[in-house]
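For reference, structure14.pdb (PDB, C-alpha atoms):
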ATOM      1  CA  MET A   1       0.000   0.000   0.000  1.00  0.00           C
ATOM      2  CA  LYS A   2       2.811   2.407   0.916  1.00  0.00           C
ATOM      3  CA  THR A   3       4.516   1.623  -2.388  1.00  0.00           C
ATOM      4  CA  LEU A   4       1.307   2.378  -4.306  1.00  0.00           C
ATOM      5  CA  LYS A   5       0.862   5.690  -2.497  1.00  0.00           C
ATOM      6  CA  LEU A   6       4.477   6.633  -3.258  1.00  0.00           C
ATOM      7  CA  LEU A   7       4.063   5.839  -6.938  1.00  0.00           C
ATOM      8  CA  THR A   8       0.818   7.816  -7.068  1.00  0.00           C
ATOM      9  CA  ALA A   9       2.458  10.824  -5.423  1.00  0.00           C
ATOM     10  CA  THR A  10       5.394  10.655  -7.833  1.00  0.00           C
ATOM     11  CA  MET A  11       3.076  10.520 -10.833  1.00  0.00           C
ATOM     12  CA  LEU A  12       1.096  13.490  -9.592  1.00  0.00           C
ATOM     13  CA  LEU A  13       4.314  15.451  -9.128  1.00  0.00           C
ATOM     14  CA  LEU A  14       5.440  14.667 -12.681  1.00  0.00           C
ATOM     15  CA  VAL A  15       2.064  15.711 -14.073  1.00  0.00           C
ATOM     16  CA  ALA A  16       2.237  18.962 -12.121  1.00  0.00           C
ATOM     17  CA  MET A  17       5.743  19.659 -13.411  1.00  0.00           C
ATOM     18  CA  ALA A  18       4.673  18.982 -17.007  1.00  0.00           C
ATOM     19  CA  ALA A  19       1.661  21.227 -16.591  1.00  0.00           C
ATOM     20  CA  GLY A  20       3.966  24.018 -15.454  1.00  0.00           C
ATOM     21  CA  ALA A  21       5.964  23.883 -18.693  1.00  0.00           C
ATOM     22  CA  GLU A  22       4.728  26.336 -21.304  1.00  0.00           C
ATOM     23  CA  THR A  23       5.709  27.773 -24.671  1.00  0.00           C
ATOM     24  CA  ILE A  24       4.948  31.454 -25.076  1.00  0.00           C
ATOM     25  CA  SER A  25       4.771  32.618 -28.682  1.00  0.00           C
ATOM     26  CA  ASP A  26       4.964  35.997 -30.392  1.00  0.00           C
ATOM     27  CA  VAL A  27       6.934  37.793 -27.707  1.00  0.00           C
ATOM     28  CA  THR A  28       8.348  40.994 -29.183  1.00  0.00           C
ATOM     29  CA  ILE A  29      11.449  42.424 -27.532  1.00  0.00           C
ATOM     30  CA  GLY A  30      13.149  45.231 -29.386  1.00  0.00           C
ATOM     31  CA  ASN A  31      12.927  44.532 -33.115  1.00  0.00           C
ATOM     32  CA  LEU A  32      12.762  40.755 -32.804  1.00  0.00           C
ATOM     33  CA  VAL A  33       9.982  38.250 -32.138  1.00  0.00           C
ATOM     34  CA  TYR A  34      10.597  35.178 -29.993  1.00  0.00           C
ATOM     35  CA  SER A  35       9.075  31.920 -28.845  1.00  0.00           C
ATOM     36  CA  LEU A  36       9.930  31.158 -25.210  1.00  0.00           C
ATOM     37  CA  ASP A  37      10.153  27.807 -23.455  1.00  0.00           C
ATOM     38  CA  THR A  38       9.426  28.509 -19.809  1.00  0.00           C
ATOM     39  CA  ASP A  39      10.671  25.083 -18.742  1.00  0.00           C
ATOM     40  CA  THR A  40      14.129  25.101 -20.338  1.00  0.00           C
ATOM     41  CA  LYS A  41      14.427  28.902 -20.349  1.00  0.00           C
ATOM     42  CA  VAL A  42      15.501  28.994 -23.992  1.00  0.00           C
ATOM     43  CA  ALA A  43      14.317  31.363 -26.706  1.00  0.00           C
ATOM     44  CA  THR A  44      13.870  30.934 -30.452  1.00  0.00           C
ATOM     45  CA  VAL A  45      13.928  33.908 -32.806  1.00  0.00           C
ATOM     46  CA  THR A  46      10.791  33.444 -34.914  1.00  0.00           C
ATOM     47  CA  GLY A  47      10.532  36.761 -36.709  1.00  0.00           C
ATOM     48  CA  TYR A  48      11.132  40.471 -36.695  1.00  0.00           C
ATOM     49  CA  ASP A  49       9.153  43.692 -36.612  1.00  0.00           C
ATOM     50  CA  ILE A  50       8.120  44.021 -40.262  1.00  0.00           C
ATOM     51  CA  SER A  51       7.098  47.647 -39.715  1.00  0.00           C
ATOM     52  CA  ASN A  52      10.764  48.423 -39.135  1.00  0.00           C
ATOM     53  CA  LYS A  53      12.924  48.011 -42.249  1.00  0.00           C
ATOM     54  CA  LEU A  54      15.918  46.483 -40.529  1.00  0.00           C
ATOM     55  CA  THR A  55      19.314  46.670 -42.227  1.00  0.00           C
ATOM     56  CA  ASP A  56      21.552  45.527 -39.380  1.00  0.00           C
ATOM     57  CA  VAL A  57      20.582  43.214 -36.529  1.00  0.00           C
ATOM     58  CA  VAL A  58      22.421  42.091 -33.417  1.00  0.00           C
ATOM     59  CA  ILE A  59      20.743  39.061 -31.856  1.00  0.00           C
ATOM     60  CA  PRO A  60      21.305  39.086 -28.083  1.00  0.00           C
ATOM     61  CA  ASN A  61      22.724  36.143 -26.121  1.00  0.00           C
ATOM     62  CA  THR A  62      19.914  36.387 -23.600  1.00  0.00           C
ATOM     63  CA  ILE A  63      16.621  38.192 -23.195  1.00  0.00           C
ATOM     64  CA  GLU A  64      14.525  38.972 -20.130  1.00  0.00           C
ATOM     65  CA  TYR A  65      10.795  38.364 -19.990  1.00  0.00           C
ATOM     66  CA  GLY A  66       8.385  38.111 -17.084  1.00  0.00           C
ATOM     67  CA  GLY A  67      11.192  38.315 -14.582  1.00  0.00           C
ATOM     68  CA  GLY A  68      13.109  35.403 -16.135  1.00  0.00           C
ATOM     69  CA  ASN A  69      16.200  35.204 -18.333  1.00  0.00           C
ATOM     70  CA  TYR A  70      16.132  33.170 -21.531  1.00  0.00           C
ATOM     71  CA  SER A  71      19.100  31.997 -23.590  1.00  0.00           C
ATOM     72  CA  VAL A  72      18.681  32.579 -27.333  1.00  0.00           C
ATOM     73  CA  THR A  73      19.614  29.224 -28.887  1.00  0.00           C
ATOM     74  CA  THR A  74      17.746  29.005 -32.199  1.00  0.00           C
ATOM     75  CA  ILE A  75      16.983  31.101 -35.263  1.00  0.00           C
ATOM     76  CA  GLY A  76      13.717  29.530 -36.334  1.00  0.00           C
ATOM     77  CA  LYS A  77      12.260  28.520 -39.667  1.00  0.00           C
ATOM     78  CA  GLU A  78      11.765  31.530 -41.985  1.00  0.00           C
ATOM     79  CA  ALA A  79      12.584  33.878 -39.095  1.00  0.00           C
ATOM     80  CA  PHE A  80      14.095  36.570 -41.329  1.00  0.00           C
ATOM     81  CA  GLY A  81      12.545  35.510 -44.629  1.00  0.00           C
ATOM     82  CA  GLY A  82      12.376  38.299 -47.187  1.00  0.00           C
ATOM     83  CA  CYS A  83      13.970  40.867 -44.908  1.00  0.00           C
ATOM     84  CA  SER A  84      16.122  43.844 -45.972  1.00  0.00           C
ATOM     85  CA  LEU A  85      19.070  42.914 -43.759  1.00  0.00           C
ATOM     86  CA  ALA A  86      22.577  43.793 -44.914  1.00  0.00           C
ATOM     87  CA  SER A  87      24.319  42.181 -41.942  1.00  0.00           C
ATOM     88  CA  ILE A  88      23.466  40.180 -38.854  1.00  0.00           C
ATOM     89  CA  ASP A  89      25.419  39.400 -35.708  1.00  0.00           C
ATOM     90  CA  ILE A  90      24.644  35.917 -34.379  1.00  0.00           C
ATOM     91  CA  PRO A  91      25.684  35.350 -30.738  1.00  0.00           C
ATOM     92  CA  ASN A  92      27.596  32.318 -29.497  1.00  0.00           C
ATOM     93  CA  SER A  93      24.501  31.123 -27.625  1.00  0.00           C
ATOM     94  CA  VAL A  94      22.887  30.059 -30.916  1.00  0.00           C
ATOM     95  CA  THR A  95      23.208  26.376 -31.822  1.00  0.00           C
ATOM     96  CA  THR A  96      20.683  26.095 -34.660  1.00  0.00           C
ATOM     97  CA  ILE A  97      20.022  28.148 -37.787  1.00  0.00           C
ATOM     98  CA  GLY A  98      16.708  26.806 -38.991  1.00  0.00           C
ATOM     99  CA  GLU A  99      15.304  25.892 -42.374  1.00  0.00           C
ATOM    100  CA  LEU A 100      14.864  28.934 -44.646  1.00  0.00           C
ATOM    101  CA  ALA A 101      15.936  31.180 -41.747  1.00  0.00           C
ATOM    102  CA  PHE A 102      17.284  33.887 -44.071  1.00  0.00           C
ATOM    103  CA  PHE A 103      15.605  32.971 -47.337  1.00  0.00           C
ATOM    104  CA  HIS A 104      15.407  35.757 -49.913  1.00  0.00           C
ATOM    105  CA  CYS A 105      17.412  38.213 -47.806  1.00  0.00           C
ATOM    106  CA  SER A 106      18.800  39.573 -51.048  1.00  0.00           C
ATOM    107  CA  SER A 107      20.733  42.437 -49.382  1.00  0.00           C
ATOM    108  CA  LEU A 108      22.478  40.227 -46.826  1.00  0.00           C
ATOM    109  CA  ALA A 109      26.162  40.617 -47.622  1.00  0.00           C
ATOM    110  CA  SER A 110      27.733  39.557 -44.347  1.00  0.00           C
ATOM    111  CA  VAL A 111      27.014  36.915 -41.719  1.00  0.00           C
ATOM    112  CA  ASN A 112      29.269  35.541 -39.014  1.00  0.00           C
ATOM    113  CA  ILE A 113      28.409  31.998 -37.934  1.00  0.00           C
ATOM    114  CA  PRO A 114      29.770  31.503 -34.404  1.00  0.00           C
ATOM    115  CA  ASN A 115      31.425  28.267 -33.325  1.00  0.00           C
ATOM    116  CA  SER A 116      28.454  27.445 -31.129  1.00  0.00           C
ATOM    117  CA  VAL A 117      26.303  26.583 -34.157  1.00  0.00           C
ATOM    118  CA  THR A 118      25.911  22.859 -34.801  1.00  0.00           C
ATOM    119  CA  THR A 119      23.081  22.839 -37.365  1.00  0.00           C
ATOM    120  CA  ILE A 120      22.434  24.878 -40.515  1.00  0.00           C
ATOM    121  CA  GLY A 121      19.028  23.944 -41.887  1.00  0.00           C
ATOM    122  CA  GLU A 122      17.892  23.242 -45.435  1.00  0.00           C
ATOM    123  CA  GLU A 123      17.893  26.332 -47.661  1.00  0.00           C
ATOM    124  CA  ALA A 124      18.871  28.435 -44.639  1.00  0.00           C
ATOM    125  CA  PHE A 125      20.410  31.166 -46.837  1.00  0.00           C
ATOM    126  CA  TRP A 126      18.301  30.504 -49.914  1.00  0.00           C
ATOM    127  CA  TRP A 127      18.478  33.325 -52.460  1.00  0.00           C
ATOM    128  CA  CYS A 128      20.815  35.525 -50.412  1.00  0.00           C
ATOM    129  CA  THR A 129      22.154  36.876 -53.683  1.00  0.00           C
ATOM    130  CA  SER A 130      24.476  39.479 -52.098  1.00  0.00           C
ATOM    131  CA  LEU A 131      26.178  37.026 -49.747  1.00  0.00           C
ATOM    132  CA  ALA A 132      29.797  37.014 -50.902  1.00  0.00           C
ATOM    133  CA  SER A 133      31.409  34.725 -48.344  1.00  0.00           C
ATOM    134  CA  ILE A 134      30.535  32.140 -45.722  1.00  0.00           C
ATOM    135  CA  TYR A 135      32.708  30.363 -43.174  1.00  0.00           C
ATOM    136  CA  ILE A 136      31.731  27.093 -41.505  1.00  0.00           C
ATOM    137  CA  PRO A 137      33.171  26.876 -37.965  1.00  0.00           C
ATOM    138  CA  ASN A 138      34.437  23.685 -36.353  1.00  0.00           C
ATOM    139  CA  SER A 139      31.227  23.210 -34.341  1.00  0.00           C
ATOM    140  CA  VAL A 140      28.931  22.547 -37.324  1.00  0.00           C
ATOM    141  CA  THR A 141      27.846  18.919 -37.624  1.00  0.00           C
ATOM    142  CA  THR A 142      24.869  19.204 -39.990  1.00  0.00           C
ATOM    143  CA  ILE A 143      24.286  21.301 -43.124  1.00  0.00           C
ATOM    144  CA  GLY A 144      20.958  20.874 -44.884  1.00  0.00           C
ATOM    145  CA  ALA A 145      20.470  20.557 -48.631  1.00  0.00           C
ATOM    146  CA  GLY A 146      20.559  23.800 -50.586  1.00  0.00           C
ATOM    147  CA  ALA A 147      21.714  25.790 -47.559  1.00  0.00           C
ATOM    148  CA  PHE A 148      23.634  28.272 -49.745  1.00  0.00           C
ATOM    149  CA  ALA A 149      21.722  28.133 -53.028  1.00  0.00           C
ATOM    150  CA  PRO A 150      21.223  30.177 -55.082  1.00  0.00           C
ATOM    151  CA  CYS A 151      23.654  32.699 -53.560  1.00  0.00           C
ATOM    152  CA  HIS A 152      24.931  34.115 -56.857  1.00  0.00           C
ATOM    153  CA  SER A 153      27.671  36.246 -55.254  1.00  0.00           C
ATOM    154  CA  LEU A 154      29.066  33.351 -53.235  1.00  0.00           C
ATOM    155  CA  ALA A 155      32.314  32.283 -54.899  1.00  0.00           C
ATOM    156  CA  SER A 156      33.739  30.166 -52.103  1.00  0.00           C
ATOM    157  CA  ILE A 157      32.674  28.288 -48.971  1.00  0.00           C
ATOM    158  CA  GLY A 158      35.268  28.333 -46.204  1.00  0.00           C
ATOM    159  CA  VAL A 159      35.551  25.640 -43.548  1.00  0.00           C
ATOM    160  CA  ALA A 160      37.539  25.555 -40.317  1.00  0.00           C
ATOM    161  CA  SER A 161      40.470  23.171 -40.742  1.00  0.00           C
ATOM    162  CA  ASP A 162      39.606  21.396 -37.493  1.00  0.00           C
ATOM    163  CA  ASN A 163      35.954  20.790 -38.365  1.00  0.00           C
ATOM    164  CA  PRO A 164      35.527  16.997 -37.955  1.00  0.00           C
ATOM    165  CA  ASN A 165      32.558  16.760 -40.344  1.00  0.00           C
ATOM    166  CA  TYR A 166      33.219  19.022 -43.331  1.00  0.00           C
ATOM    167  CA  ILE A 167      36.081  20.238 -45.492  1.00  0.00           C
ATOM    168  CA  GLY A 168      36.440  22.911 -48.165  1.00  0.00           C
ATOM    169  CA  ILE A 169      38.449  22.144 -51.310  1.00  0.00           C
ATOM    170  CA  ASP A 170      38.966  25.054 -53.714  1.00  0.00           C
ATOM    171  CA  GLY A 171      35.907  26.696 -52.174  1.00  0.00           C
ATOM    172  CA  VAL A 172      33.670  23.643 -52.665  1.00  0.00           C
ATOM    173  CA  LEU A 173      32.045  22.009 -49.627  1.00  0.00           C
ATOM    174  CA  PHE A 174      32.542  18.271 -48.997  1.00  0.00           C
ATOM    175  CA  ASN A 175      32.016  15.939 -46.079  1.00  0.00           C
ATOM    176  CA  LYS A 176      35.229  15.310 -44.163  1.00  0.00           C
ATOM    177  CA  ASP A 177      36.220  12.080 -45.906  1.00  0.00           C
ATOM    178  CA  LYS A 178      35.503  13.680 -49.308  1.00  0.00           C
ATOM    179  CA  THR A 179      33.012  11.015 -50.349  1.00  0.00           C
ATOM    180  CA  THR A 180      30.097  13.440 -50.671  1.00  0.00           C
ATOM    181  CA  ILE A 181      30.047  16.794 -52.423  1.00  0.00           C
ATOM    182  CA  VAL A 182      27.690  18.894 -50.327  1.00  0.00           C
ATOM    183  CA  ALA A 183      27.601  22.307 -52.007  1.00  0.00           C
ATOM    184  CA  TYR A 184      29.232  23.938 -55.013  1.00  0.00           C
ATOM    185  CA  PRO A 185      29.045  27.729 -54.536  1.00  0.00           C
ATOM    186  CA  THR A 186      26.741  29.292 -57.096  1.00  0.00           C
ATOM    187  CA  GLY A 187      29.042  32.241 -57.789  1.00  0.00           C
ATOM    188  CA  LYS A 188      32.240  30.242 -58.264  1.00  0.00           C
ATOM    189  CA  ASP A 189      34.286  31.216 -61.323  1.00  0.00           C
ATOM    190  CA  GLY A 190      34.643  28.813 -64.201  1.00  0.00           C
ATOM    191  CA  SER A 191      32.349  26.973 -66.580  1.00  0.00           C
ATOM    192  CA  GLU A 192      33.813  23.492 -66.041  1.00  0.00           C
ATOM    193  CA  TYR A 193      34.300  21.385 -62.926  1.00  0.00           C
ATOM    194  CA  THR A 194      35.839  17.968 -62.379  1.00  0.00           C
ATOM    195  CA  ILE A 195      34.537  16.097 -59.338  1.00  0.00           C
ATOM    196  CA  PRO A 196      37.346  14.408 -57.351  1.00  0.00           C
ATOM    197  CA  ASN A 197      37.749  10.625 -57.591  1.00  0.00           C
ATOM    198  CA  SER A 198      37.062  10.212 -53.865  1.00  0.00           C
ATOM    199  CA  VAL A 199      33.410  11.213 -54.308  1.00  0.00           C
ATOM    200  CA  THR A 200      30.734   8.515 -54.308  1.00  0.00           C
ATOM    201  CA  THR A 201      27.706  10.782 -53.755  1.00  0.00           C
ATOM    202  CA  ILE A 202      26.676  14.068 -55.316  1.00  0.00           C
ATOM    203  CA  GLY A 203      24.476  15.454 -52.573  1.00  0.00           C
ATOM    204  CA  GLU A 204      20.962  16.813 -52.816  1.00  0.00           C
ATOM    205  CA  SER A 205      20.963  20.258 -54.484  1.00  0.00           C
ATOM    206  CA  ALA A 206      24.791  20.223 -54.528  1.00  0.00           C
ATOM    207  CA  PHE A 207      25.064  22.096 -57.853  1.00  0.00           C
ATOM    208  CA  SER A 208      21.569  23.568 -58.014  1.00  0.00           C
ATOM    209  CA  TRP A 209      21.324  27.000 -59.630  1.00  0.00           C
ATOM    210  CA  CYS A 210      24.960  26.961 -60.780  1.00  0.00           C
ATOM    211  CA  THR A 211      23.931  28.772 -63.945  1.00  0.00           C
ATOM    212  CA  SER A 212      27.482  29.410 -65.209  1.00  0.00           C
ATOM    213  CA  LEU A 213      28.509  25.739 -65.293  1.00  0.00           C
ATOM    214  CA  ALA A 214      28.598  24.324 -68.803  1.00  0.00           C
ATOM    215  CA  SER A 215      30.389  21.058 -68.123  1.00  0.00           C
ATOM    216  CA  VAL A 216      30.773  18.696 -65.146  1.00  0.00           C
ATOM    217  CA  ASN A 217      33.042  15.670 -65.196  1.00  0.00           C
ATOM    218  CA  ILE A 218      31.706  12.864 -63.006  1.00  0.00           C
ATOM    219  CA  PRO A 219      34.234  10.148 -62.091  1.00  0.00           C
ATOM    220  CA  ASN A 220      33.610   6.405 -62.027  1.00  0.00           C
ATOM    221  CA  SER A 221      33.660   6.484 -58.223  1.00  0.00           C
ATOM    222  CA  VAL A 222      30.206   8.118 -58.127  1.00  0.00           C
ATOM    223  CA  THR A 223      27.248   5.831 -57.474  1.00  0.00           C
ATOM    224  CA  THR A 224      24.566   8.324 -56.399  1.00  0.00           C
ATOM    225  CA  ILE A 225      23.335  11.637 -57.799  1.00  0.00           C
ATOM    226  CA  GLY A 226      21.005  13.233 -55.285  1.00  0.00           C
ATOM    227  CA  LYS A 227      17.640  14.918 -55.651  1.00  0.00           C
ATOM    228  CA  GLY A 228      17.862  18.228 -57.513  1.00  0.00           C
ATOM    229  CA  ALA A 229      21.653  17.902 -57.700  1.00  0.00           C
ATOM    230  CA  PHE A 230      21.930  19.938 -60.924  1.00  0.00           C
ATOM    231  CA  LYS A 231      18.548  21.617 -60.868  1.00  0.00           C
ATOM    232  CA  VAL A 232      18.371  24.914 -62.822  1.00  0.00           C
ATOM    233  CA  CYS A 233      21.927  24.601 -64.170  1.00  0.00           C
ATOM    234  CA  GLU A 234      20.744  26.467 -67.251  1.00  0.00           C
ATOM    235  CA  SER A 235      24.098  26.549 -69.056  1.00  0.00           C
ATOM    236  CA  LEU A 236      24.913  22.884 -68.524  1.00  0.00           C
ATOM    237  CA  THR A 237      25.490  21.264 -71.900  1.00  0.00           C
ATOM    238  CA  SER A 238      27.810  18.386 -71.047  1.00  0.00           C
ATOM    239  CA  VAL A 239      27.573  15.772 -68.301  1.00  0.00           C
ATOM    240  CA  ASN A 240      29.084  12.324 -68.607  1.00  0.00           C
ATOM    241  CA  ILE A 241      27.238   9.949 -66.280  1.00  0.00           C
ATOM    242  CA  PRO A 242      29.360   6.827 -65.739  1.00  0.00           C
ATOM    243  CA  ASN A 243      27.798   3.371 -65.590  1.00  0.00           C
ATOM    244  CA  THR A 244      28.771   3.152 -61.919  1.00  0.00           C
ATOM    245  CA  VAL A 245      25.842   5.432 -61.084  1.00  0.00           C
ATOM    246  CA  THR A 246      22.970   3.350 -59.747  1.00  0.00           C
ATOM    247  CA  THR A 247      20.757   6.081 -58.258  1.00  0.00           C
ATOM    248  CA  ILE A 248      19.608   9.409 -59.708  1.00  0.00           C
ATOM    249  CA  GLY A 249      17.255  11.417 -57.511  1.00  0.00           C
ATOM    250  CA  ASN A 250      14.102  13.231 -58.547  1.00  0.00           C
ATOM    251  CA  GLU A 251      14.617  16.424 -60.567  1.00  0.00           C
ATOM    252  CA  ALA A 252      18.380  15.858 -60.585  1.00  0.00           C
ATOM    253  CA  PHE A 253      18.689  17.656 -63.932  1.00  0.00           C
ATOM    254  CA  SER A 254      15.386  19.531 -64.109  1.00  0.00           C
ATOM    255  CA  TYR A 255      15.354  22.932 -65.806  1.00  0.00           C
ATOM    256  CA  CYS A 256      18.756  22.326 -67.390  1.00  0.00           C
ATOM    257  CA  ILE A 257      17.725  24.014 -70.627  1.00  0.00           C
TER     258      ILE A 257
END
Show me, as structure tokens, the structure contained in the file I just sent.
Amino acid sequence: MKTLKLLTATMLLLVAMAAGAETISDVTIGNLVYSLDTDTKVATVTGYDISNKLTDVVIPNTIEYGGGNYSVTTIGKEAFGGCSLASIDIPNSVTTIGELAFFHCSSLASVNIPNSVTTIGEEAFWWCTSLASIYIPNSVTTIGAGAFAPCHSLASIGVASDNPNYIGIDGVLFNKDKTTIVAYPTGKDGSEYTIPNSVTTIGESAFSWCTSLASVNIPNSVTTIGKGAFKVCESLTSVNIPNTVTTIGNEAFSYCI
């Protein structure tokens, strides 16, 4: 009986604790909008004050709300979509840059990714056509498909030499063991590219929107061409697909006129 009472009391306590947890949405502090987790005391940037045409933003490490302090850890999905930002300062409290976080920020020319960030979501910087450089710190473990496409001013993707997951070779982004080509920068000079022999997989959206590429040499080591890998490569006239390739994803060469 005592054991049953103890279990019942424990369950009631857990239910009470869960009931106390709450997510508060649409909290505007300064020029930014947040979602707050009252249990973990973390904040996600979900948007910005659209009435204020922001050109430069400094995201704070922490914010105060309702007498509590919240650590800003995430830039949420589409948080700055379509904004007029020219530069943004991301604090070292942020671990995640969400899907489409900065999509169509066509004036964004500068962004510093701190070495606290572990995840860069799919199409995070989609259509940031003024973005001229990007540097991946050693903390990043995951980069989503199309994260830097189509950034037409981006000629090179830099990677910290001690990053255990990714490497940059001549400005092109690969996984660390060079078996997967992750992203070819849209603004890279040259109309021809030869994929290294170490590569077995051309990643999803790896060459998408590389409109200046006319020819890509694919080695016999490649077995997989990912979804949308060469999508909207409008100038592409020559691709030799070796017979080692067993998988070609949907829309791999769509809109290659």
Neighbour residues at most 9 Å from (11.0, 39.7, -48.8) (all atoms listed in the file) as a PyMOL selection string: chain A and resi 80-84+103-106
Selected residue, from A:Val72, A:Ile218, A:Leu131, A:Leu236, that lies nearest to Pro185 of chain A when counting only C-alpha atoms: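 Counting only C-alpha atoms, the residue closest to Pro185 of chain A is A:Leu131.
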With the file shown as input, list the residues that the PyMOL selection byres ((chain A and resi 95) around 6) selects, as a JSON list (two decimals) with C-alpha atoms, keeping the file's coordinate frame.
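What ended up in expr-v9.json:
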[["chain", "number", "residue", "atom", "x", "y", "z"],
["A", 73, "THR", "CA", 19.61, 29.22, -28.89],
["A", 94, "VAL", "CA", 22.89, 30.06, -30.92],
["A", 96, "THR", "CA", 20.68, 26.10, -34.66],
["A", 116, "SER", "CA", 28.45, 27.44, -31.13],
["A", 117, "VAL", "CA", 26.30, 26.58, -34.16],
["A", 118, "THR", "CA", 25.91, 22.86, -34.80]]
Neighbour list for segment 223-233 of chain A as a PyMOL selection string, cut-off 9 Å, all atoms listed in the file, skip fewer than 3 positions in-chain: chain A and resi 199-214+220+236+242-257
Separation of atom CA of Asn240 of chain A from atom CA of Asn175 of chain A, in Å and rounded to one decimal: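 A separation of 23.0 Å between them.
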Residue neighbourhood Ile113 of chain A, 9 Å, all atoms listed in the file, exclusion window fewer than 3 positions, as a ChimeraX atom specification: /A:89-92,116-117,134-137
Could you tell me, as an mmCIF file with C-alpha atoms, in the coordinates of the input, exactly which residues end up selected when the PyMOL selection byres ((chain A and resi 109) around 9) is applied to this structure?
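Resulting contents of part.cif:
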data_model
loop_
_atom_site.group_PDB
_atom_site.id
_atom_site.type_symbol
_atom_site.label_atom_id
_atom_site.label_comp_id
_atom_site.auth_asym_id
_atom_site.auth_seq_id
_atom_site.Cartn_x
_atom_site.Cartn_y
_atom_site.Cartn_z
ATOM 1 C CA LEU A 85 19.070 42.914 -43.759
ATOM 2 C CA ALA A 86 22.577 43.793 -44.914
ATOM 3 C CA SER A 87 24.319 42.181 -41.942
ATOM 4 C CA SER A 106 18.800 39.573 -51.048
ATOM 5 C CA SER A 107 20.733 42.437 -49.382
ATOM 6 C CA LEU A 108 22.478 40.227 -46.826
ATOM 7 C CA SER A 110 27.733 39.557 -44.347
ATOM 8 C CA VAL A 111 27.014 36.915 -41.719
ATOM 9 C CA CYS A 128 20.815 35.525 -50.412
ATOM 10 C CA THR A 129 22.154 36.876 -53.683
ATOM 11 C CA SER A 130 24.476 39.479 -52.098
ATOM 12 C CA LEU A 131 26.178 37.026 -49.747
ATOM 13 C CA ALA A 132 29.797 37.014 -50.902
ATOM 14 C CA SER A 133 31.409 34.725 -48.344
ATOM 15 C CA SER A 153 27.671 36.246 -55.254
#
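One finds atom CA of Thr141 of chain A at 7.8 Å from atom CA of Tyr166 of chain A.
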Selection under test: the PyMOL selection byres ((chain A and resi 190) around 10); residues as a list in words: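 After applying the PyMOL selection byres ((chain A and resi 190) around 10), what remains is Gly187, Lys188, Asp189, Ser191, Glu192, Tyr193, Ser212, Leu213, Ala214 and Ser215 of chain A.
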Selection export as a compact mmCIF listing (two decimals), in the coordinates of the input, atoms kept: C-alpha atoms:
# COMPACT_ATOMS: atom_id res chain seq x y z
CA GLY A 187 29.04 32.24 -57.79
CA LYS A 188 32.24 30.24 -58.26
CA ASP A 189 34.29 31.22 -61.32
CA SER A 191 32.35 26.97 -66.58
CA GLU A 192 33.81 23.49 -66.04
CA TYR A 193 34.30 21.38 -62.93
CA SER A 212 27.48 29.41 -65.21
CA LEU A 213 28.51 25.74 -65.29
CA ALA A 214 28.60 24.32 -68.80
CA SER A 215 30.39 21.06 -68.12
